[in-house]
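Participant: Right, I'll just put the structure down here and ask away after.
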Amino acid sequence: MDFKSIEMEETYEQLAMERECGMSNVLSRLNNLRREYELKFKKDETTRNLIDKIEYRIKSYDSAIEKIKRKGWPMEPSSLDQMHDIAGIRIIVPYLDDIDELKEIVKKQRSMKVVEERDYINNPKDNGYRSLHLIVKMMVVFSEKTKWVPVEIQFRTRAMDLWASYEHTLKYKNPNPSPDTVQQFSEIAKQLAIFENSLMMLRDFNAEDMIAAESDNK
């Protein structure tokens with residue numbers, strides 16, 4: 001192993017430790033929020049928990065090096081430092097408008113600041129991928145310093161996550177799908193977007209019916 005490889009691995013280990021600490025702090029905020037909504041739902045069934053599921057991971061060293069090569073970045077420690085998705089969190093929500101609500105809650109956190117937003121919901125990727133990506137910086141207190149650490153948060157609805165799961169499975173088996181396959185996946189994503197909007201309308205109609213029924217019973 002040459003000096004450059006050793007330097008890259010040591011840089012990655014330091015960054016991975018810092019990013020994992022930042023991710024832990026973000027997860028703590030999110031889990032507190034999840035518990036808060038669970039309690040609200042117990043008291044009022046017209047409310048709902050905005051968070052279905054939370055997933056998280058630390059990008060492996062090999063994956064980080066692969067990304068540097070794919071992006072054409074120099075094989076330098078600075079390339080690892082500019083990689084904001086070493087720590088990643090994925091939040092799955094029931095409905096499309098839950099994403100906007102959670103985004104605004106994240107923006108109000110005092111010890112967390114949003115530094116980048118990539119909206120693949122209103123601007124889907126060519127293959128149909130839809131999601132909201134936020135890069136946040138989380139304040140982390142270490143033994144000798146305080147540092148703002150970047151963490152990526154992805155927001156998906158259940159439908160978006162279902163689409164992404166199938167797309168990932170098929171792409172894993174065939175890394176270079178035909179243009180026709182890509183086009184079909186894009187069309188499915190568009191149909192799911194229509195489906196999601198219909199679901200929100202049904203949810204709202206159902207909530208109105210529940211309120212009306214409660215009023216009639218009083």
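Residue numbers start at 1 in each chain; chains themselves are named A, B, ... in the order of the structure tokens; ligands are numbered from 1 in the order shown.
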Please provide as an mmCIF file with C-alpha atoms, in the first residue's frame all residues within 9 Å of Ile86 in chain A, with the sequence filter that same-chain residues fewer than 5 positions apart are discarded (counting only C-alpha atoms).

Facilitator:
data_model
loop_
_atom_site.group_PDB
_atom_site.id
_atom_site.type_symbol
_atom_site.label_atom_id
_atom_site.label_comp_id
_atom_site.auth_asym_id
_atom_site.auth_seq_id
_atom_site.Cartn_x
_atom_site.Cartn_y
_atom_site.Cartn_z
ATOM 1 C CA LEU A 15 -14.346 11.649 8.485
ATOM 2 C CA ALA A 16 -16.487 8.528 8.917
ATOM 3 C CA ARG A 19 -20.050 11.987 10.149
ATOM 4 C CA GLU A 20 -21.395 9.070 12.179
ATOM 5 C CA ARG A 57 -25.901 4.085 6.731
ATOM 6 C CA ILE A 58 -22.260 5.129 6.556
ATOM 7 C CA LYS A 59 -20.790 4.926 3.044
ATOM 8 C CA SER A 60 -17.990 2.357 2.973
ATOM 9 C CA ALA A 64 -16.384 6.481 -1.391
ATOM 10 C CA LEU A 80 -13.374 12.774 0.649
ATOM 11 C CA PRO A 150 -22.553 17.306 6.934
ATOM 12 C CA VAL A 151 -25.231 14.607 6.780
ATOM 13 C CA GLU A 152 -27.483 13.788 3.832
#

Participant: Per DSSP on the backbone, what are the helix (DSSP H, G or I) residues of range 98-193 of chain A, as a count of residues only?

Facilitator: 41

Participant: Separation of CA of Val182 in chain A and CA of Glu167 in chain A, in Å?

Facilitator: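 It comes out at 9.2 Å.
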
Participant: Quote the spacing between CA of Ala164 in chain A and CA of Ser24 in chain A in Å to one decimal place.

Facilitator: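 Pair CA of Ala164 in chain A / CA of Ser24 in chain A returns 24.9 Å.
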
Participant: Which neighbours of range 142-146 of chain A fall inside 12 Å, counting only C-alpha atoms, when residues of the same chain fewer than 4 positions from it are skipped, and could you give them as a list in words?

Facilitator: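 Surrounding residues, per the criterion: Met17, Glu18, Arg19, Cys21, Gly22, Ser111 and Met138 of chain A.
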
Participant: Keeping only N, CA and C atoms, take the residues you just selected and write them out as an mmCIF file, in the first residue's frame.

Facilitator:
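The resulting again02.cif:
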data_model
loop_
_atom_site.group_PDB
_atom_site.id
_atom_site.type_symbol
_atom_site.label_atom_id
_atom_site.label_comp_id
_atom_site.auth_asym_id
_atom_site.auth_seq_id
_atom_site.Cartn_x
_atom_site.Cartn_y
_atom_site.Cartn_z
ATOM 1 N N MET A 17 -15.899 8.743 11.280
ATOM 2 C CA MET A 17 -16.200 8.866 12.705
ATOM 3 C C MET A 17 -16.980 10.149 12.967
ATOM 4 N N GLU A 18 -16.524 11.259 12.391
ATOM 5 C CA GLU A 18 -17.197 12.545 12.607
ATOM 6 C C GLU A 18 -18.609 12.539 12.017
ATOM 7 N N ARG A 19 -18.736 11.991 10.802
ATOM 8 C CA ARG A 19 -20.050 11.987 10.149
ATOM 9 C C ARG A 19 -21.030 11.076 10.897
ATOM 10 N N CYS A 21 -21.045 10.561 14.087
ATOM 11 C CA CYS A 21 -21.478 11.324 15.263
ATOM 12 C C CYS A 21 -22.562 12.331 14.874
ATOM 13 N N GLY A 22 -22.351 13.015 13.735
ATOM 14 C CA GLY A 22 -23.356 13.958 13.258
ATOM 15 C C GLY A 22 -24.662 13.261 12.937
ATOM 16 N N SER A 111 -29.686 23.562 16.072
ATOM 17 C CA SER A 111 -28.355 22.963 15.996
ATOM 18 C C SER A 111 -28.115 22.256 14.664
ATOM 19 N N MET A 138 -24.745 19.431 11.024
ATOM 20 C CA MET A 138 -25.141 19.218 12.415
ATOM 21 C C MET A 138 -23.980 19.590 13.323
#
